[in-house]
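Colleague: My structure is in structure-v3.tsv, and what it holds is TSV, N, CA and C atoms:
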chain	number	residue	atom	x	y	z
A	1	SER	N	-146.00	74.26	15.06
A	1	SER	CA	-145.74	73.39	16.19
A	1	SER	C	-147.02	72.62	16.55
A	2	ALA	N	-146.84	71.51	17.20
A	2	ALA	CA	-147.99	70.67	17.57
A	2	ALA	C	-148.93	71.40	18.53
A	3	LEU	N	-148.37	72.13	19.47
A	3	LEU	CA	-149.23	72.85	20.42
A	3	LEU	C	-150.01	73.97	19.73
A	4	GLY	N	-149.40	74.59	18.72
A	4	GLY	CA	-150.11	75.61	17.95
A	4	GLY	C	-151.29	75.02	17.20
A	5	ILE	N	-151.10	73.81	16.66
A	5	ILE	CA	-152.19	73.14	15.95
A	5	ILE	C	-153.31	72.77	16.91
A	6	VAL	N	-152.95	72.26	18.09
A	6	VAL	CA	-153.97	71.94	19.10
A	6	VAL	C	-154.73	73.21	19.48
A	7	ALA	N	-154.00	74.31	19.69
A	7	ALA	CA	-154.66	75.58	20.03
A	7	ALA	C	-155.59	76.02	18.91
A	8	GLY	N	-155.15	75.84	17.66
A	8	GLY	CA	-155.99	76.20	16.51
A	8	GLY	C	-157.26	75.39	16.47
A	9	VAL	N	-157.16	74.09	16.76
A	9	VAL	CA	-158.34	73.22	16.79
A	9	VAL	C	-159.29	73.65	17.90
A	10	LEU	N	-158.75	73.97	19.05
A	10	LEU	CA	-159.60	74.41	20.16
A	10	LEU	C	-160.30	75.73	19.83
A	11	HIS	N	-159.58	76.66	19.23
A	11	HIS	CA	-160.19	77.94	18.86
A	11	HIS	C	-161.21	77.78	17.73
A	12	LEU	N	-161.00	76.78	16.89
A	12	LEU	CA	-161.95	76.52	15.79
A	12	LEU	C	-163.36	76.28	16.32
A	13	GLY	N	-163.45	75.65	17.50
A	13	GLY	CA	-164.75	75.40	18.11
A	13	GLY	C	-165.49	76.67	18.51
A	14	ASN	N	-164.78	77.79	18.63
A	14	ASN	CA	-165.40	79.05	19.03
A	14	ASN	C	-165.79	79.91	17.83
A	15	LEU	N	-165.56	79.40	16.63
A	15	LEU	CA	-165.90	80.15	15.43
A	15	LEU	C	-167.42	80.26	15.30
A	16	THR	N	-167.92	81.46	15.05
A	16	THR	CA	-169.36	81.67	14.91
A	16	THR	C	-169.70	82.05	13.47
A	17	PHE	N	-170.95	81.88	13.11
A	17	PHE	CA	-171.41	82.18	11.76
A	17	PHE	C	-172.60	83.13	11.82
A	18	THR	N	-172.64	84.06	10.89
A	18	THR	CA	-173.72	85.03	10.78
A	18	THR	C	-174.47	84.77	9.48
A	19	PRO	N	-175.79	84.55	9.55
A	19	PRO	CA	-176.54	84.32	8.31
A	19	PRO	C	-176.58	85.57	7.43
A	20	ILE	N	-176.34	85.38	6.13
A	20	ILE	CA	-176.44	86.46	5.15
A	20	ILE	C	-176.91	85.85	3.83
A	21	PRO	N	-177.58	86.63	2.98
A	21	PRO	CA	-177.96	86.09	1.67
A	21	PRO	C	-176.74	86.03	0.75
A	22	ARG	N	-176.60	84.91	0.04
A	22	ARG	CA	-175.51	84.73	-0.92
A	22	ARG	C	-176.08	84.12	-2.19
A	23	ASP	N	-175.86	84.74	-3.31
A	23	ASP	CA	-176.30	84.21	-4.60
A	23	ASP	C	-177.79	83.84	-4.57
A	24	ASN	N	-178.62	84.72	-4.02
A	24	ASN	CA	-180.07	84.51	-3.91
A	24	ASN	C	-180.43	83.28	-3.08
A	25	GLN	N	-179.57	82.89	-2.18
A	25	GLN	CA	-179.81	81.76	-1.27
A	25	GLN	C	-179.39	82.18	0.13
A	26	ASP	N	-179.82	81.38	1.11
A	26	ASP	CA	-179.35	81.62	2.47
A	26	ASP	C	-177.89	81.18	2.55
A	27	GLY	N	-177.07	81.99	3.16
A	27	GLY	CA	-175.66	81.68	3.31
A	27	GLY	C	-175.17	82.16	4.66
A	28	VAL	N	-173.90	82.02	4.89
A	28	VAL	CA	-173.30	82.47	6.15
A	28	VAL	C	-171.97	83.14	5.86
A	29	THR	N	-171.54	83.91	6.82
A	29	THR	CA	-170.20	84.46	6.84
A	29	THR	C	-169.64	84.23	8.24
A	30	ILE	N	-168.35	84.23	8.36
A	30	ILE	CA	-167.74	84.05	9.68
A	30	ILE	C	-168.04	85.28	10.51
A	31	GLY	N	-168.62	85.06	11.69
A	31	GLY	CA	-169.09	86.16	12.53
A	31	GLY	C	-168.00	86.87	13.29
A	32	ASN	N	-166.96	86.18	13.68
A	32	ASN	CA	-165.89	86.79	14.47
A	32	ASN	C	-164.57	86.72	13.68
A	33	SER	N	-164.36	87.72	12.83
A	33	SER	CA	-163.21	87.71	11.92
A	33	SER	C	-161.87	87.81	12.65
A	34	ASP	N	-161.83	88.49	13.80
A	34	ASP	CA	-160.58	88.55	14.56
A	34	ASP	C	-160.18	87.17	15.06
A	35	HIS	N	-161.18	86.42	15.49
A	35	HIS	CA	-160.93	85.05	15.95
A	35	HIS	C	-160.50	84.16	14.78
A	36	ALA	N	-161.10	84.38	13.62
A	36	ALA	CA	-160.72	83.63	12.42
A	36	ALA	C	-159.27	83.89	12.06
A	37	ALA	N	-158.81	85.13	12.20
A	37	ALA	CA	-157.41	85.47	11.90
A	37	ALA	C	-156.46	84.73	12.84
A	38	LEU	N	-156.83	84.62	14.11
A	38	LEU	CA	-156.01	83.89	15.08
A	38	LEU	C	-155.95	82.40	14.71
A	39	ILE	N	-157.09	81.82	14.36
A	39	ILE	CA	-157.14	80.42	13.96
A	39	ILE	C	-156.23	80.18	12.75
A	40	CYS	N	-156.31	81.05	11.78
A	40	CYS	CA	-155.50	80.92	10.56
A	40	CYS	C	-154.02	81.01	10.89
A	41	LYS	N	-153.66	81.92	11.77
A	41	LYS	CA	-152.24	82.04	12.17
A	41	LYS	C	-151.77	80.76	12.83
A	42	LEU	N	-152.58	80.19	13.72
A	42	LEU	CA	-152.19	78.97	14.44
A	42	LEU	C	-152.11	77.76	13.51
A	43	LEU	N	-153.00	77.69	12.52
A	43	LEU	CA	-153.03	76.53	11.62
A	43	LEU	C	-152.18	76.72	10.37
A	44	GLY	N	-151.66	77.91	10.15
A	44	GLY	CA	-150.80	78.16	8.99
A	44	GLY	C	-151.56	78.22	7.68
A	45	ILE	N	-152.77	78.77	7.71
A	45	ILE	CA	-153.57	78.93	6.49
A	45	ILE	C	-153.95	80.41	6.37
A	46	THR	N	-154.50	80.77	5.22
A	46	THR	CA	-154.91	82.17	5.03
A	46	THR	C	-156.38	82.33	5.43
A	47	VAL	N	-156.75	83.54	5.73
A	47	VAL	CA	-158.14	83.84	6.09
A	47	VAL	C	-159.05	83.54	4.90
A	48	GLU	N	-158.56	83.79	3.68
A	48	GLU	CA	-159.35	83.52	2.49
A	48	GLU	C	-159.66	82.02	2.35
A	49	GLN	N	-158.67	81.18	2.67
A	49	GLN	CA	-158.90	79.73	2.62
A	49	GLN	C	-159.95	79.31	3.64
A	50	LEU	N	-159.85	79.82	4.85
A	50	LEU	CA	-160.83	79.48	5.89
A	50	LEU	C	-162.21	79.97	5.50
A	51	ASN	N	-162.30	81.20	4.99
A	51	ASN	CA	-163.59	81.74	4.55
A	51	ASN	C	-164.19	80.87	3.45
A	52	SER	N	-163.39	80.48	2.50
A	52	SER	CA	-163.89	79.67	1.39
A	52	SER	C	-164.47	78.35	1.89
A	53	VAL	N	-163.78	77.69	2.79
A	53	VAL	CA	-164.24	76.39	3.31
A	53	VAL	C	-165.49	76.55	4.16
A	54	MET	N	-165.53	77.58	4.98
A	54	MET	CA	-166.64	77.74	5.92
A	54	MET	C	-167.88	78.36	5.29
A	55	GLU	N	-167.72	79.07	4.18
A	55	GLU	CA	-168.86	79.78	3.60
A	55	GLU	C	-169.46	79.06	2.39
A	56	TYR	N	-168.70	78.18	1.73
A	56	TYR	CA	-169.18	77.50	0.53
A	56	TYR	C	-168.90	76.01	0.54
A	57	LYS	N	-169.85	75.25	0.01
A	57	LYS	CA	-169.64	73.83	-0.30
A	57	LYS	C	-169.16	73.79	-1.74
A	58	THR	N	-168.18	72.96	-2.02
A	58	THR	CA	-167.66	72.86	-3.38
A	58	THR	C	-167.93	71.47	-3.93
A	59	PHE	N	-168.54	71.44	-5.11
A	59	PHE	CA	-168.85	70.18	-5.79
A	59	PHE	C	-168.21	70.21	-7.18
A	60	ALA	N	-167.92	69.03	-7.69
A	60	ALA	CA	-167.46	68.91	-9.07
A	60	ALA	C	-168.55	68.22	-9.87
A	61	ASP	N	-169.02	68.86	-10.93
A	61	ASP	CA	-170.03	68.27	-11.80
A	61	ASP	C	-169.37	67.16	-12.61
A	62	PRO	N	-169.85	65.92	-12.47
A	62	PRO	CA	-169.19	64.81	-13.16
A	62	PRO	C	-169.29	64.87	-14.68
A	63	LEU	N	-170.31	65.52	-15.18
A	63	LEU	CA	-170.48	65.59	-16.65
A	63	LEU	C	-169.65	66.70	-17.27
A	64	THR	N	-169.75	67.89	-16.71
A	64	THR	CA	-169.06	69.04	-17.30
A	64	THR	C	-167.69	69.30	-16.69
A	65	LYS	N	-167.39	68.63	-15.57
A	65	LYS	CA	-166.13	68.82	-14.85
A	65	LYS	C	-165.99	70.25	-14.29
A	66	LYS	N	-167.10	70.95	-14.20
A	66	LYS	CA	-167.09	72.30	-13.64
A	66	LYS	C	-167.16	72.22	-12.12
A	67	THR	N	-166.55	73.20	-11.48
A	67	THR	CA	-166.61	73.32	-10.03
A	67	THR	C	-167.80	74.19	-9.67
A	68	ILE	N	-168.62	73.70	-8.76
A	68	ILE	CA	-169.82	74.41	-8.34
A	68	ILE	C	-169.68	74.78	-6.87
A	69	ASN	N	-169.83	76.06	-6.57
A	69	ASN	CA	-169.79	76.53	-5.18
A	69	ASN	C	-171.19	76.89	-4.74
A	70	MET	N	-171.66	76.24	-3.67
A	70	MET	CA	-172.97	76.54	-3.11
A	70	MET	C	-172.78	77.07	-1.69
A	71	PRO	N	-173.53	78.10	-1.31
A	71	PRO	CA	-173.38	78.65	0.04
A	71	PRO	C	-173.79	77.63	1.11
A	72	HIS	N	-173.05	77.64	2.20
A	72	HIS	CA	-173.40	76.82	3.36
A	72	HIS	C	-174.58	77.45	4.09
A	73	SER	N	-175.41	76.60	4.67
A	73	SER	CA	-176.39	77.08	5.66
A	73	SER	C	-175.64	77.17	6.99
A	74	GLU	N	-176.29	77.73	7.99
A	74	GLU	CA	-175.63	77.85	9.29
A	74	GLU	C	-175.32	76.47	9.88
A	75	SER	N	-176.24	75.52	9.72
A	75	SER	CA	-176.00	74.18	10.27
A	75	SER	C	-174.91	73.43	9.49
A	76	SER	N	-174.88	73.58	8.17
A	76	SER	CA	-173.84	72.87	7.41
A	76	SER	C	-172.46	73.50	7.63
A	77	ALA	N	-172.40	74.82	7.85
A	77	ALA	CA	-171.13	75.46	8.18
A	77	ALA	C	-170.63	74.97	9.55
A	78	SER	N	-171.55	74.80	10.48
A	78	SER	CA	-171.19	74.27	11.80
A	78	SER	C	-170.67	72.84	11.68
A	79	TYR	N	-171.32	72.03	10.87
A	79	TYR	CA	-170.87	70.66	10.63
A	79	TYR	C	-169.49	70.64	9.99
A	80	THR	N	-169.25	71.54	9.05
A	80	THR	CA	-167.94	71.64	8.40
A	80	THR	C	-166.87	72.02	9.41
A	81	ARG	N	-167.19	72.97	10.30
A	81	ARG	CA	-166.25	73.39	11.34
A	81	ARG	C	-165.87	72.20	12.23
A	82	HIS	N	-166.87	71.42	12.65
A	82	HIS	CA	-166.60	70.26	13.51
A	82	HIS	C	-165.80	69.18	12.77
A	83	SER	N	-166.14	68.95	11.52
A	83	SER	CA	-165.43	67.96	10.73
A	83	SER	C	-163.98	68.36	10.52
A	84	MET	N	-163.76	69.63	10.25
A	84	MET	CA	-162.40	70.13	10.06
A	84	MET	C	-161.57	69.94	11.33
A	85	ALA	N	-162.15	70.24	12.48
A	85	ALA	CA	-161.44	70.07	13.75
A	85	ALA	C	-161.09	68.60	13.98
A	86	LYS	N	-162.01	67.69	13.70
A	86	LYS	CA	-161.76	66.26	13.88
A	86	LYS	C	-160.65	65.75	12.98
A	87	VAL	N	-160.66	66.18	11.72
A	87	VAL	CA	-159.64	65.72	10.76
A	87	VAL	C	-158.26	66.25	11.15
A	88	ILE	N	-158.18	67.53	11.51
A	88	ILE	CA	-156.89	68.11	11.90
A	88	ILE	C	-156.35	67.39	13.13
A	89	TYR	N	-157.20	67.18	14.12
A	89	TYR	CA	-156.77	66.51	15.34
A	89	TYR	C	-156.33	65.07	15.06
A	90	ALA	N	-157.07	64.35	14.23
A	90	ALA	CA	-156.72	62.96	13.92
A	90	ALA	C	-155.38	62.88	13.21
A	91	ARG	N	-155.14	63.79	12.27
A	91	ARG	CA	-153.86	63.78	11.55
A	91	ARG	C	-152.70	64.15	12.46
A	92	LEU	N	-152.92	65.09	13.36
A	92	LEU	CA	-151.88	65.45	14.33
A	92	LEU	C	-151.58	64.26	15.24
A	93	PHE	N	-152.61	63.58	15.69
A	93	PHE	CA	-152.44	62.42	16.57
A	93	PHE	C	-151.66	61.32	15.85
A	94	ASP	N	-152.01	61.02	14.60
A	94	ASP	CA	-151.28	60.00	13.83
A	94	ASP	C	-149.82	60.39	13.65
A	95	TRP	N	-149.57	61.66	13.36
A	95	TRP	CA	-148.20	62.14	13.20
A	95	TRP	C	-147.42	61.99	14.50
A	96	LEU	N	-148.05	62.32	15.61
A	96	LEU	CA	-147.38	62.24	16.91
A	96	LEU	C	-147.00	60.79	17.24
A	97	VAL	N	-147.90	59.85	17.03
A	97	VAL	CA	-147.60	58.44	17.28
A	97	VAL	C	-146.47	57.97	16.38
A	98	SER	N	-146.48	58.38	15.12
A	98	SER	CA	-145.44	58.01	14.17
A	98	SER	C	-144.08	58.55	14.62
A	99	ARG	N	-144.05	59.80	15.04
A	99	ARG	CA	-142.78	60.42	15.50
A	99	ARG	C	-142.25	59.73	16.75
A	100	ILE	N	-143.13	59.37	17.67
A	100	ILE	CA	-142.69	58.66	18.87
A	100	ILE	C	-142.09	57.32	18.49
A	101	ASN	N	-142.76	56.59	17.61
A	101	ASN	CA	-142.25	55.29	17.18
A	101	ASN	C	-140.91	55.42	16.46
A	102	GLU	N	-140.75	56.42	15.62
A	102	GLU	CA	-139.48	56.64	14.92
A	102	GLU	C	-138.36	56.93	15.90
A	103	SER	N	-138.63	57.74	16.90
A	103	SER	CA	-137.58	58.10	17.86
A	103	SER	C	-137.20	56.91	18.74
A	104	MET	N	-138.12	56.00	18.97
A	104	MET	CA	-137.82	54.82	19.79
A	104	MET	C	-137.06	53.75	19.00
A	105	ALA	N	-137.14	53.79	17.67
A	105	ALA	CA	-136.51	52.76	16.85
A	105	ALA	C	-134.99	52.86	16.92
A	106	GLY	N	-134.45	54.03	16.92
A	106	GLY	CA	-133.00	54.18	16.96
A	106	GLY	C	-132.36	53.76	15.65
A	107	GLN	N	-131.05	53.71	15.65
A	107	GLN	CA	-130.33	53.36	14.43
A	107	GLN	C	-129.74	51.96	14.56
A	108	GLY	N	-129.67	51.27	13.43
A	108	GLY	CA	-129.03	49.96	13.39
A	108	GLY	C	-129.84	48.82	13.97
A	109	ARG	N	-131.11	49.00	14.17
A	109	ARG	CA	-131.95	47.93	14.71
A	109	ARG	C	-132.75	47.30	13.59
A	110	THR	N	-133.00	46.02	13.73
A	110	THR	CA	-133.86	45.34	12.76
A	110	THR	C	-135.31	45.50	13.19
A	111	THR	N	-136.23	45.09	12.33
A	111	THR	CA	-137.64	45.22	12.68
A	111	THR	C	-138.00	44.33	13.86
A	112	GLN	N	-137.23	43.26	14.09
A	112	GLN	CA	-137.49	42.39	15.25
A	112	GLN	C	-137.17	43.11	16.56
A	113	ASP	N	-136.18	44.00	16.51
A	113	ASP	CA	-135.73	44.68	17.72
A	113	ASP	C	-136.53	45.94	18.06
A	114	LEU	N	-137.39	46.34	17.15
A	114	LEU	CA	-138.09	47.60	17.34
A	114	LEU	C	-139.09	47.53	18.49
A	115	ARG	N	-139.10	48.58	19.24
A	115	ARG	CA	-140.13	48.75	20.26
A	115	ARG	C	-141.06	49.83	19.76
A	116	ARG	N	-142.30	49.66	20.04
A	116	ARG	CA	-143.31	50.61	19.57
A	116	ARG	C	-144.16	51.06	20.75
A	117	ILE	N	-144.73	52.22	20.56
A	117	ILE	CA	-145.69	52.70	21.54
A	117	ILE	C	-147.02	52.85	20.81
A	118	GLY	N	-148.07	52.44	21.43
A	118	GLY	CA	-149.40	52.60	20.86
A	118	GLY	C	-150.22	53.47	21.80
A	119	LEU	N	-150.92	54.43	21.25
A	119	LEU	CA	-151.77	55.30	22.05
A	119	LEU	C	-153.21	55.09	21.60
A	120	LEU	N	-154.08	55.02	22.55
A	120	LEU	CA	-155.49	54.85	22.25
A	120	LEU	C	-156.21	56.14	22.60
A	121	ASP	N	-156.84	56.72	21.60
A	121	ASP	CA	-157.59	57.95	21.78
A	121	ASP	C	-159.05	57.63	21.50
A	122	ILE	N	-159.84	57.53	22.53
A	122	ILE	CA	-161.25	57.21	22.36
A	122	ILE	C	-162.05	58.48	22.59
A	123	TYR	N	-162.72	58.93	21.52
A	123	TYR	CA	-163.58	60.09	21.67
A	123	TYR	C	-165.02	59.61	21.64
A	124	GLY	N	-165.89	60.42	22.12
A	124	GLY	CA	-167.29	60.05	22.17
A	124	GLY	C	-167.75	59.72	23.59
A	125	PHE	N	-166.82	59.79	24.55
A	125	PHE	CA	-167.17	59.49	25.93
A	125	PHE	C	-167.21	60.76	26.77
A	126	GLU	N	-167.46	61.88	26.13
A	126	GLU	CA	-167.45	63.12	26.88
A	126	GLU	C	-168.72	63.38	27.67
A	127	GLY	N	-169.60	62.42	27.70
A	127	GLY	CA	-170.72	62.52	28.60
A	127	GLY	C	-171.93	62.95	27.94
Since I need it in another form, could you write the structure as structure tokens?
Modeller:
Amino acid sequence: SALGIVAGVLHLGNLTFTPIPRDNQDGVTIGNSDHAALICKLLGITVEQLNSVMEYKTFADPLTKKTINMPHSESSASYTRHSMAKVIYARLFDWLVSRINESMAGQGRTTQDLRRIGLLDIYGFEG
């Protein structure tokens, strides 16, 4: 549901990271696993998927076509968390506007007769 996704995005902001060594490098793990399980339930993903995204950066080597996983630092994991929240929220917002426009169109109307609703979501003004 849309409200579940919004709740998941809001809880995503409370996700914490604990520094740990990974593959002889500095890495992180999700610090509050119970909270991670709640986020996964709300977003419809597995805990393993969330762990993979939050703990490793994934690159594709253009020459060998191999997938390379590098551990996130605490700051890059935080950036990934924020980026993930923004993308999920933006896609939900676009879906919501599309659904509103579809429901207003009705049946048997031409494109000239269509009424549309436009919503403006301006972020960055939070002070």
Colleague: With DSSP run on the backbone, what are the strand (DSSP E) residues within chain A? I'd like them as a ChimeraX atom specification.
Modeller: /A:17-22,25-30,56-60,67-71
Colleague: Mind giving me the straight-line distance from atom N of Met70 of chain A to atom C of Pro19 of chain A in Å, one decimal?
Modeller: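 These atoms are spaced 15.3 Å apart.
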Colleague: State, in Å with one decimal place, the distance from atom CA of Asn24 of chain A to atom CA of Ser75 of chain A.
Modeller: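 Interatomic distance, atom CA of Asn24 of chain A to atom CA of Ser75 of chain A: 18.0 Å.
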Colleague: Just to confirm, what's the straight-line distance from atom C of His35 of chain A to atom CA of Ala85 of chain A in Å (one decimal)?
Modeller: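 Computing it gives 14.2 Å between the two atoms.
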Colleague: In the coordinates of the file, take the point (-162.7, 83.4, 9.7) and a cut-off of 6 Å; then, counting all atoms listed in the file, name each qualifying protein, DNA or RNA residue as an NGL selection string.
Modeller: :A and (30 or 32-33 or 35-37 or 47 or 50-51)
Colleague: Just save segment 83-105 of chain A with N, CA, C and O atoms, as a CSV table (one decimal), in the first residue's frame.
Modeller:
chain,number,residue,atom,x,y,z
A,83,SER,N,19.7,8.3,-0.7
A,83,SER,CA,19.4,8.2,-2.1
A,83,SER,C,18.2,7.2,-2.3
A,83,SER,O,17.3,7.5,-3.1
A,84,MET,N,18.3,6.1,-1.6
A,84,MET,CA,17.2,5.1,-1.7
A,84,MET,C,15.9,5.7,-1.3
A,84,MET,O,14.9,5.5,-2.0
A,85,ALA,N,15.9,6.4,-0.2
A,85,ALA,CA,14.6,7.1,0.3
A,85,ALA,C,14.1,8.0,-0.8
A,85,ALA,O,12.9,8.1,-1.0
A,86,LYS,N,14.9,8.9,-1.4
A,86,LYS,CA,14.5,9.8,-2.4
A,86,LYS,C,13.9,9.2,-3.6
A,86,LYS,O,12.9,9.6,-4.1
A,87,VAL,N,14.6,8.1,-4.1
A,87,VAL,CA,14.1,7.4,-5.3
A,87,VAL,C,12.8,6.7,-5.0
A,87,VAL,O,11.8,6.8,-5.8
A,88,ILE,N,12.6,6.1,-3.9
A,88,ILE,CA,11.4,5.4,-3.6
A,88,ILE,C,10.2,6.4,-3.5
A,88,ILE,O,9.1,6.2,-4.0
A,89,TYR,N,10.5,7.5,-2.8
A,89,TYR,CA,9.5,8.6,-2.6
A,89,TYR,C,9.1,9.2,-4.0
A,89,TYR,O,7.9,9.4,-4.3
A,90,ALA,N,10.1,9.4,-4.8
A,90,ALA,CA,9.8,10.0,-6.1
A,90,ALA,C,9.0,9.1,-7.0
A,90,ALA,O,8.0,9.6,-7.7
A,91,ARG,N,9.3,7.8,-7.0
A,91,ARG,CA,8.5,6.9,-7.8
A,91,ARG,C,7.1,6.7,-7.2
A,91,ARG,O,6.1,6.6,-8.0
A,92,LEU,N,6.9,6.7,-5.9
A,92,LEU,CA,5.6,6.7,-5.3
A,92,LEU,C,4.8,7.9,-5.7
A,92,LEU,O,3.6,7.8,-6.1
A,93,PHE,N,5.4,9.1,-5.7
A,93,PHE,CA,4.8,10.3,-6.0
A,93,PHE,C,4.3,10.3,-7.5
A,93,PHE,O,3.2,10.7,-7.8
A,94,ASP,N,5.2,9.9,-8.4
A,94,ASP,CA,4.8,9.8,-9.8
A,94,ASP,C,3.7,8.8,-10.0
A,94,ASP,O,2.8,9.1,-10.8
A,95,TRP,N,3.7,7.7,-9.3
A,95,TRP,CA,2.6,6.7,-9.5
A,95,TRP,C,1.3,7.3,-9.0
A,95,TRP,O,0.3,7.1,-9.6
A,96,LEU,N,1.4,8.0,-7.9
A,96,LEU,CA,0.2,8.6,-7.3
A,96,LEU,C,-0.5,9.7,-8.3
A,96,LEU,O,-1.7,9.6,-8.5
A,97,VAL,N,0.3,10.5,-8.8
A,97,VAL,CA,-0.2,11.5,-9.8
A,97,VAL,C,-0.8,10.8,-11.0
A,97,VAL,O,-1.8,11.2,-11.5
A,98,SER,N,-0.1,9.8,-11.5
A,98,SER,CA,-0.6,9.0,-12.6
A,98,SER,C,-2.0,8.4,-12.3
A,98,SER,O,-2.9,8.4,-13.1
A,99,ARG,N,-2.1,7.8,-11.1
A,99,ARG,CA,-3.4,7.1,-10.8
A,99,ARG,C,-4.5,8.2,-10.6
A,99,ARG,O,-5.6,7.9,-11.0
A,100,ILE,N,-4.2,9.3,-10.1
A,100,ILE,CA,-5.2,10.4,-10.0
A,100,ILE,C,-5.6,10.8,-11.3
A,100,ILE,O,-6.9,10.9,-11.6
A,101,ASN,N,-4.7,11.0,-12.2
A,101,ASN,CA,-5.1,11.4,-13.6
A,101,ASN,C,-5.9,10.3,-14.3
A,101,ASN,O,-6.8,10.7,-15.0
A,102,GLU,N,-5.5,9.1,-14.2
A,102,GLU,CA,-6.3,8.0,-14.8
A,102,GLU,C,-7.7,8.0,-14.2
A,102,GLU,O,-8.7,7.8,-15.0
A,103,SER,N,-7.9,8.1,-13.0
A,103,SER,CA,-9.2,8.1,-12.4
A,103,SER,C,-10.1,9.3,-12.8
A,103,SER,O,-11.3,9.1,-12.9
A,104,MET,N,-9.5,10.4,-13.1
A,104,MET,CA,-10.2,11.6,-13.5
A,104,MET,C,-10.6,11.5,-15.0
A,104,MET,O,-11.5,12.1,-15.4
A,105,ALA,N,-9.9,10.7,-15.8
A,105,ALA,CA,-10.1,10.6,-17.2
A,105,ALA,C,-11.5,10.0,-17.5
A,105,ALA,O,-12.2,10.4,-18.4
